[in-house]
Amino acid sequence: MTKMSPVPQRRSFVFLQGPPGPLLQRLAVVLRSRGITVHRINICAGDRVNWQEPATDFQGRSSDWPMFFDAFLRRHQITDVLLFGDCRPYHVTARGIATLRGIRTHVLEEGYLRPHWMTLELEGVNAHSRLRRDKEWFLEQARQLPEEPELPPVTAHFRRRVRDSAWYYTALYLGSPWTFPHYRTHRTASALSEAVGWSWKYLVRGWREGQTRRTLERMGGKRFFLLPLQLSGDYQIRSHSPFPDVPVATAFVLDSFASHAPSGTHLLIKAHPLDCSFFPWSRFISRRAWKLGIADRVHYIDGGNLEDLAAAATGMVCVNSTSATLALQANRPVCVLGEAIYKIAGLTFEGHLDDFWIDPSPPEPGLYAAFRRVLVDRCLVRGGLASESAVTTLVENMANKLCGAVPFYCCSSQSLTMAK
């Protein structure tokens with residue numbers, strides 16, 4: 001890896017795409033108040049909605065992006081890049097160009113631990129994380145860290161995420177063809193189809209809740225494994241798993257369950273709470289289960305409390321969802337089918353899925369606690385995106401971490417300036 005250049009006296013950030021909402025705009029204000037220069041590159045019309053001040057628009061073709069970005073880094077003497085999601089095509093290129101120049105890239109992502117946290121790592125997250133996948137390393141590092149402090153919960157309101165997303169994607173859908181004619185979204189579905197999907201999901205929420213309640217009542221007392229679905233547009237599926245999408249991964253799990261799971265066990269498949277697609281999950285799963293002869297042992301729900309379900313399950317199967325941390329926290333076995341930051345010998349199941357149904361082994365005692373302590377210290381910032389207080393908390397903690405010692409991920413929390 002390219003050696004980082006010495007830190008200049010004055011740091012200069014460039015912000016690329018962030019999550020829908022005011023987070024990056026407000027973070028820029030705080031960083032500037034601390035003497036840090038902040039620039040912004042808009043890549044689509046949605047980015048403009050979330051940035052109410054002068055910025056640089058990239059309106060060229062994707063083939064123009066590497067030279068454009070490299071010239072921007074040189075012209076503005078950039079020392080740090082901040083972006084949301086390290087697998088978006090524009091961001092993959094930006095990370096590579098920044099690395100060639102020894103410039104730090106800070107990657108923001110949804111939290112490894114949920115709720116109440118967001119992930120902020122140097123260079124990459126999840127399968128790109130620089131953390132070692134060695135249990136002895138985690139145990140040794142955890143022994144040097146203080147206990148995780150007791151912190152108040154971070155509030156969240158679903159309507160806030162819907163509102164911020166609606167503004168962003170409406171602007172993207174209506175404005176990008178005119179002002180960013182060459183922009184191509186990284187998402188697999190159009191903004192219009194997602195908007196319609198969210199409207200439908202809201203209208204049938206009562207029916208979905210009723211279906212979930214009745215399914216869980218029928219399963220009362222039964223031994224079951226849990227499969228939490230991920231979003232097919234999730235780059236953790238597309239870039240860090242052997243499956244092209246979630247339906248293929250689900251079919252793989254169903255086939256293995258039919259062939260190897262003991263006859264008295266059941267499989268509960270839970271929809272992702274942010275899935276607004278019109279993919280017929282219930283029909284897809286029921287038809288596949290019927291063909292495999294396991295229709296009476298496979299159940300699908302679009303709702304329910306994931307934390308409670310993870311704690312009640314015999315084990316969890318996932319590709320690389322952060323939902324796995326809820327099962328590990330409850331000392332439940334987890335089988336991982338893709339690449340994930342928590343895929344560590346002793347923490348998750350080491351064998352094949354076929355064997356997991358028969359002999360699921362729980363995490364080694366104390367290992368998850370050590371893993372969590374290191375994550376909180378090195379990779380996480382307190383806060384969220386779904387309420388005003390959550391964003392305020394997140395801005396404060398991100399600013400404190402970004403303004404701390406560099407590279408700040410190599411230090412313990414005792415040597416960092418952390419938000420209280």
# chains A, B, ... in the order shown; residues from 1 in each chain; ligands from 1
call {"tool": "closest_atom_pairs", "arguments": {"of": "stretch 237-311 of chain A", "to": "stretch 339-349 of chain A", "cutoff": "12 Å", "atoms": "only C-alpha atoms", "output": "tab-separated table"}}
result
residue	atom	partner	partner_atom	distance
A:Ile237	CA	A:Glu339	CA	9.2
A:Arg238	CA	A:Glu339	CA	11.2
A:Ser239	CA	A:Glu339	CA	9.2
A:His240	CA	A:Glu339	CA	5.4
A:Ser241	CA	A:Glu339	CA	6.1
A:Pro242	CA	A:Glu339	CA	9.1
A:Phe243	CA	A:Glu339	CA	11.4
call {"tool": "residues_around", "arguments": {"residues": "stretch 259-273 of chain A", "least_positions_apart": "4", "cutoff": "8 Å", "atoms": "only C-alpha atoms", "output": "count of residues only"}}
result
22
call {"tool": "residues_around", "arguments": {"residues": "stretch 32-43 of chain A", "least_positions_apart": "3", "cutoff": "10 Å", "atoms": "only C-alpha atoms", "output": "number ranges by chain"}}
result
A: 10-17, 24-25, 27-29, 46-51, 53-60, 65, 69, 72, 76, 78-82, 90, 176, 179-180, 182-185, 399-400, 403
call {"tool": "write_last_selection", "arguments": {"atoms": "N, CA and C atoms", "output": "compact mmCIF listing (two decimals), in the first residue's frame"}}
result
# COMPACT_ATOMS: atom_id res chain seq x y z
N ARG A 10 -2.10 22.50 7.02
CA ARG A 10 -3.52 22.75 6.85
C ARG A 10 -4.12 21.60 6.05
N ARG A 11 -5.19 21.03 6.57
CA ARG A 11 -5.84 19.91 5.88
C ARG A 11 -6.94 20.43 4.97
N SER A 12 -7.12 19.72 3.86
CA SER A 12 -8.09 20.11 2.85
C SER A 12 -8.88 18.87 2.42
N PHE A 13 -10.18 18.89 2.67
CA PHE A 13 -11.06 17.77 2.36
C PHE A 13 -11.80 18.01 1.05
N VAL A 14 -12.12 16.92 0.36
CA VAL A 14 -13.12 16.96 -0.69
C VAL A 14 -14.17 15.92 -0.35
N PHE A 15 -15.43 16.34 -0.36
CA PHE A 15 -16.55 15.44 -0.10
C PHE A 15 -17.13 14.98 -1.44
N LEU A 16 -17.30 13.69 -1.58
CA LEU A 16 -17.99 13.13 -2.73
C LEU A 16 -19.43 12.80 -2.33
N GLN A 17 -20.02 11.77 -2.90
CA GLN A 17 -21.42 11.49 -2.61
C GLN A 17 -21.61 11.01 -1.17
N LEU A 24 -23.55 15.87 5.24
CA LEU A 24 -22.26 16.38 4.77
C LEU A 24 -22.21 17.90 4.80
N GLN A 25 -23.30 18.56 4.47
CA GLN A 25 -23.34 20.02 4.53
C GLN A 25 -23.05 20.51 5.95
N LEU A 27 -21.58 18.79 8.39
CA LEU A 27 -20.23 18.40 8.78
C LEU A 27 -19.20 19.39 8.23
N ALA A 28 -19.41 19.86 7.02
CA ALA A 28 -18.48 20.83 6.43
C ALA A 28 -18.41 22.11 7.26
N VAL A 29 -19.57 22.55 7.74
CA VAL A 29 -19.61 23.77 8.55
C VAL A 29 -18.76 23.60 9.82
N GLY A 46 -29.05 15.00 -7.53
CA GLY A 46 -29.40 14.73 -6.14
C GLY A 46 -28.37 15.29 -5.18
N ASP A 47 -27.09 15.27 -5.59
CA ASP A 47 -26.03 15.82 -4.73
C ASP A 47 -26.24 17.32 -4.51
N ARG A 48 -26.73 18.02 -5.52
CA ARG A 48 -26.96 19.46 -5.39
C ARG A 48 -27.99 19.79 -4.33
N VAL A 49 -29.03 18.95 -4.21
CA VAL A 49 -30.09 19.19 -3.23
C VAL A 49 -29.53 19.22 -1.82
N ASN A 50 -28.55 18.37 -1.56
CA ASN A 50 -28.00 18.25 -0.21
C ASN A 50 -26.82 19.18 0.05
N TRP A 51 -26.49 20.05 -0.88
CA TRP A 51 -25.33 20.93 -0.71
C TRP A 51 -25.71 22.33 -1.16
N GLU A 53 -24.48 25.36 -1.21
CA GLU A 53 -23.42 26.36 -1.32
C GLU A 53 -22.59 26.03 -2.56
N PRO A 54 -21.67 26.90 -2.94
CA PRO A 54 -20.89 26.64 -4.16
C PRO A 54 -20.16 25.30 -4.11
N ALA A 55 -20.12 24.63 -5.26
CA ALA A 55 -19.46 23.33 -5.37
C ALA A 55 -19.01 23.16 -6.81
N THR A 56 -18.24 22.13 -7.05
CA THR A 56 -17.79 21.79 -8.39
C THR A 56 -18.66 20.67 -8.94
N ASP A 57 -19.25 20.87 -10.10
CA ASP A 57 -20.07 19.84 -10.74
C ASP A 57 -19.22 19.04 -11.73
N PHE A 58 -19.29 17.73 -11.61
CA PHE A 58 -18.68 16.88 -12.63
C PHE A 58 -19.78 16.47 -13.60
N GLN A 59 -19.70 16.96 -14.81
CA GLN A 59 -20.75 16.73 -15.80
C GLN A 59 -20.27 15.94 -17.00
N GLY A 60 -19.06 15.35 -16.87
CA GLY A 60 -18.50 14.61 -17.99
C GLY A 60 -18.91 13.14 -17.99
N TRP A 65 -13.75 10.86 -15.61
CA TRP A 65 -13.70 11.05 -14.16
C TRP A 65 -12.30 10.88 -13.57
N PHE A 69 -10.75 14.01 -11.51
CA PHE A 69 -10.56 13.92 -10.07
C PHE A 69 -9.10 14.12 -9.69
N PHE A 72 -8.33 17.72 -9.82
CA PHE A 72 -8.97 18.42 -8.69
C PHE A 72 -8.12 18.25 -7.43
N HIS A 76 -6.40 21.69 -5.71
CA HIS A 76 -6.86 22.15 -4.39
C HIS A 76 -6.02 21.60 -3.24
N ILE A 78 -5.59 18.65 -1.99
CA ILE A 78 -6.44 17.84 -1.12
C ILE A 78 -5.60 16.88 -0.27
N THR A 79 -5.92 16.80 0.98
CA THR A 79 -5.25 15.85 1.88
C THR A 79 -6.16 14.69 2.28
N ASP A 80 -7.49 14.90 2.19
CA ASP A 80 -8.44 13.89 2.66
C ASP A 80 -9.65 13.84 1.74
N VAL A 81 -10.12 12.63 1.45
CA VAL A 81 -11.35 12.41 0.69
C VAL A 81 -12.36 11.76 1.62
N LEU A 82 -13.60 12.23 1.59
CA LEU A 82 -14.68 11.62 2.37
C LEU A 82 -15.79 11.21 1.42
N TYR A 90 -17.92 5.53 -9.15
CA TYR A 90 -17.15 6.77 -9.05
C TYR A 90 -16.22 6.75 -7.83
N SER A 176 -30.99 15.26 -13.22
CA SER A 176 -29.74 14.74 -13.78
C SER A 176 -29.72 14.66 -15.30
N THR A 179 -28.80 18.41 -16.30
CA THR A 179 -27.58 19.03 -15.77
C THR A 179 -26.40 18.07 -15.65
N PHE A 180 -26.66 16.78 -15.57
CA PHE A 180 -25.60 15.76 -15.50
C PHE A 180 -25.95 14.67 -16.53
N HIS A 182 -24.50 12.62 -18.45
CA HIS A 182 -23.77 11.36 -18.58
C HIS A 182 -23.78 10.53 -17.30
N TYR A 183 -24.47 11.04 -16.28
CA TYR A 183 -24.49 10.33 -15.00
C TYR A 183 -25.31 9.04 -15.10
N ARG A 184 -24.76 7.98 -14.54
CA ARG A 184 -25.46 6.70 -14.43
C ARG A 184 -25.43 6.27 -12.97
N THR A 185 -26.61 6.08 -12.39
CA THR A 185 -26.67 5.72 -10.96
C THR A 185 -26.09 4.33 -10.71
N ALA A 399 -16.75 14.82 13.21
CA ALA A 399 -15.80 15.93 13.21
C ALA A 399 -14.68 15.67 14.20
N ASN A 400 -15.02 15.19 15.38
CA ASN A 400 -13.99 14.91 16.38
C ASN A 400 -13.04 13.82 15.93
N CYS A 403 -10.83 15.07 13.02
CA CYS A 403 -9.87 16.09 13.46
C CYS A 403 -8.85 15.52 14.45
call {"tool": "closest_residue", "arguments": {"among": "A:Tyr169, A:Phe158, A:Phe138, A:Trp290", "to": "A:Ser387", "atoms": "only C-alpha atoms"}}
result
A:Phe158
call {"tool": "atom_distance", "arguments": {"atom1": "atom CA of A:Gln144", "atom2": "atom CA of A:Arg373"}}
result
10.0 Å
call {"tool": "residues_around", "arguments": {"residues": "A:Ile97", "least_positions_apart": "2", "cutoff": "10 Å", "atoms": "only C-alpha atoms", "output": "PyMOL selection string"}}
result
chain A and resi 66-67+69-70+73+91-95+99-103
call {"tool": "write_last_selection", "arguments": {"atoms": "C-alpha atoms", "output": "CSV table (one decimal), in the first residue's frame"}}
result
chain,number,residue,atom,x,y,z
A,66,PRO,CA,-10.2,9.7,-13.3
A,67,MET,CA,-8.3,12.7,-14.9
A,69,PHE,CA,-10.6,13.9,-10.1
A,70,ASP,CA,-6.8,13.7,-10.2
A,73,LEU,CA,-6.8,16.8,-6.0
A,91,HIS,CA,-15.9,6.1,-5.5
A,92,VAL,CA,-13.8,3.1,-6.5
A,93,THR,CA,-12.0,5.2,-9.0
A,94,ALA,CA,-11.6,8.1,-6.5
A,95,ARG,CA,-10.1,5.8,-3.9
A,99,THR,CA,-4.1,6.2,-3.0
A,100,LEU,CA,-1.7,6.8,-5.9
A,101,ARG,CA,-1.1,10.3,-4.4
A,102,GLY,CA,-0.9,9.1,-0.8
A,103,ILE,CA,-4.1,10.9,0.1
call {"tool": "atom_distance", "arguments": {"atom1": "atom CA of A:Gly124", "atom2": "atom CA of A:Val107"}}
result
5.8 Å
call {"tool": "residues_around", "arguments": {"residues": "A:Leu326", "least_positions_apart": "2", "cutoff": "9 Å", "atoms": "only C-alpha atoms", "output": "PyMOL selection string"}}
result
chain A and resi 113-114+306-308+310-311+322-324+328-332
call {"tool": "residues_around", "arguments": {"residues": "A:Glu110", "least_positions_apart": "3", "cutoff": "10 Å", "atoms": "only C-alpha atoms", "output": "ChimeraX atom specification"}}
result
/A:19,84-85,113-115,117-120,125,322,380,384-385
call {"tool": "select_by_dssp", "arguments": {"residues": "stretch 184-346 of chain A", "states": "strand (DSSP E)", "output": "ChimeraX atom specification"}}
result
/A:224-228,266-270,298-301,315-318,334-336
call {"tool": "residues_around", "arguments": {"residues": "A:Ala289", "least_positions_apart": "2", "cutoff": "10 Å", "atoms": "only C-alpha atoms", "output": "JSON list (two decimals) with N, CA and C atoms, in the first residue's frame"}}
result
[["chain", "number", "residue", "atom", "x", "y", "z"],
["A", 251, "ALA", "N", -32.03, -18.99, -3.06],
["A", 251, "ALA", "CA", -32.22, -20.32, -3.65],
["A", 251, "ALA", "C", -31.13, -21.27, -3.17],
["A", 254, "LEU", "N", -32.01, -22.32, 0.39],
["A", 254, "LEU", "CA", -33.15, -23.24, 0.40],
["A", 254, "LEU", "C", -32.75, -24.64, -0.05],
["A", 255, "ASP", "N", -31.93, -24.74, -1.09],
["A", 255, "ASP", "CA", -31.49, -26.05, -1.57],
["A", 255, "ASP", "C", -30.68, -26.78, -0.49],
["A", 257, "PHE", "N", -30.81, -26.25, 2.78],
["A", 257, "PHE", "CA", -31.72, -26.57, 3.89],
["A", 257, "PHE", "C", -32.53, -27.83, 3.57],
["A", 258, "ALA", "N", -33.03, -27.93, 2.34],
["A", 258, "ALA", "CA", -33.84, -29.09, 1.95],
["A", 258, "ALA", "C", -33.04, -30.38, 2.00],
["A", 283, "ARG", "N", -44.00, -15.35, -3.19],
["A", 283, "ARG", "CA", -44.26, -16.36, -4.22],
["A", 283, "ARG", "C", -42.97, -17.10, -4.61],
["A", 284, "PHE", "N", -41.88, -16.36, -4.74],
["A", 284, "PHE", "CA", -40.60, -16.97, -5.10],
["A", 284, "PHE", "C", -40.19, -18.02, -4.08],
["A", 285, "ILE", "N", -40.30, -17.67, -2.79],
["A", 285, "ILE", "CA", -39.87, -18.59, -1.73],
["A", 285, "ILE", "C", -40.82, -19.78, -1.62],
["A", 286, "SER", "N", -42.12, -19.51, -1.66],
["A", 286, "SER", "CA", -43.09, -20.61, -1.50],
["A", 286, "SER", "C", -42.99, -21.60, -2.66],
["A", 287, "ARG", "N", -42.82, -21.12, -3.88],
["A", 287, "ARG", "CA", -42.70, -22.02, -5.02],
["A", 287, "ARG", "C", -41.44, -22.85, -4.94],
["A", 291, "LYS", "N", -41.32, -27.02, -4.45],
["A", 291, "LYS", "CA", -40.59, -27.91, -5.36],
["A", 291, "LYS", "C", -39.57, -28.77, -4.61],
["A", 292, "LEU", "N", -39.02, -28.22, -3.53],
["A", 292, "LEU", "CA", -38.02, -28.95, -2.75],
["A", 292, "LEU", "C", -38.65, -29.83, -1.68],
["A", 293, "GLY", "N", -39.96, -29.76, -1.52],
["A", 293, "GLY", "CA", -40.65, -30.58, -0.54],
["A", 293, "GLY", "C", -40.52, -30.09, 0.89],
["A", 294, "ILE", "N", -40.28, -28.80, 1.06],
["A", 294, "ILE", "CA", -40.11, -28.25, 2.42],
["A", 294, "ILE", "C", -41.06, -27.08, 2.67],
["A", 295, "ALA", "N", -42.17, -27.03, 1.94],
["A", 295, "ALA", "CA", -43.09, -25.90, 2.06],
["A", 295, "ALA", "C", -43.63, -25.72, 3.47],
["A", 296, "ASP", "N", -43.77, -26.81, 4.21],
["A", 296, "ASP", "CA", -44.31, -26.72, 5.57],
["A", 296, "ASP", "C", -43.25, -26.27, 6.59],
["A", 297, "ARG", "N", -42.00, -26.16, 6.16],
["A", 297, "ARG", "CA", -40.93, -25.80, 7.09],
["A", 297, "ARG", "C", -40.24, -24.48, 6.73],
["A", 298, "VAL", "N", -40.72, -23.82, 5.70],
["A", 298, "VAL", "CA", -40.12, -22.55, 5.28],
["A", 298, "VAL", "C", -41.16, -21.45, 5.41],
["A", 299, "HIS", "N", -40.79, -20.34, 6.04],
["A", 299, "HIS", "CA", -41.72, -19.25, 6.33],
["A", 299, "HIS", "C", -41.08, -17.92, 5.94]]
call {"tool": "atom_distance", "arguments": {"atom1": "atom CA of A:Leu145", "atom2": "atom CA of A:Glu364"}}
result
19.7 Å
call {"tool": "select_by_dssp", "arguments": {"residues": "stretch 123-165 of chain A", "states": "alpha helix (DSSP H)", "output": "list in words"}}
result
Lys135, Glu136, Trp137, Phe138, Leu139, Glu140, Gln141, Ala142, Arg143, Phe158, Arg159, Arg160, Arg161, Val162, Arg163, Asp164 and Ser165 of chain A
call {"tool": "write_last_selection", "arguments": {"atoms": "N, CA and C atoms", "output": "short mmCIF file (atom, residue, chain, number, x, y, z; two decimals), in the first residue's frame"}}
result
data_model
loop_
_atom_site.label_atom_id
_atom_site.label_comp_id
_atom_site.auth_asym_id
_atom_site.auth_seq_id
_atom_site.Cartn_x
_atom_site.Cartn_y
_atom_site.Cartn_z
N LYS A 135 -8.60 -13.85 15.30
CA LYS A 135 -9.22 -13.74 16.62
C LYS A 135 -8.21 -13.35 17.70
N GLU A 136 -6.97 -13.85 17.59
CA GLU A 136 -5.97 -13.52 18.59
C GLU A 136 -5.64 -12.04 18.56
N TRP A 137 -5.64 -11.45 17.36
CA TRP A 137 -5.39 -10.02 17.25
C TRP A 137 -6.50 -9.23 17.92
N PHE A 138 -7.75 -9.60 17.69
CA PHE A 138 -8.86 -8.90 18.31
C PHE A 138 -8.81 -9.02 19.84
N LEU A 139 -8.50 -10.20 20.33
CA LEU A 139 -8.44 -10.40 21.78
C LEU A 139 -7.32 -9.54 22.38
N GLU A 140 -6.17 -9.50 21.69
CA GLU A 140 -5.04 -8.73 22.20
C GLU A 140 -5.33 -7.25 22.18
N GLN A 141 -5.94 -6.76 21.09
CA GLN A 141 -6.27 -5.34 20.99
C GLN A 141 -7.33 -4.94 22.02
N ALA A 142 -8.31 -5.82 22.23
CA ALA A 142 -9.38 -5.50 23.17
C ALA A 142 -8.86 -5.37 24.59
N ARG A 143 -7.85 -6.14 24.93
CA ARG A 143 -7.30 -6.06 26.30
C ARG A 143 -6.69 -4.69 26.58
N PHE A 158 -38.56 6.80 10.94
CA PHE A 158 -38.57 6.32 9.56
C PHE A 158 -38.96 7.43 8.59
N ARG A 159 -39.86 8.31 9.00
CA ARG A 159 -40.31 9.37 8.10
C ARG A 159 -39.18 10.30 7.71
N ARG A 160 -38.21 10.49 8.60
CA ARG A 160 -37.08 11.37 8.29
C ARG A 160 -36.26 10.78 7.14
N ARG A 161 -36.00 9.48 7.16
CA ARG A 161 -35.25 8.85 6.07
C ARG A 161 -36.03 8.92 4.77
N VAL A 162 -37.36 8.72 4.86
CA VAL A 162 -38.18 8.78 3.65
C VAL A 162 -38.15 10.19 3.06
N ARG A 163 -38.27 11.20 3.93
CA ARG A 163 -38.26 12.58 3.45
C ARG A 163 -36.96 12.94 2.76
N ASP A 164 -35.83 12.63 3.41
CA ASP A 164 -34.53 12.96 2.84
C ASP A 164 -34.30 12.21 1.53
N SER A 165 -34.69 10.94 1.50
CA SER A 165 -34.51 10.16 0.28
C SER A 165 -35.40 10.67 -0.84
#
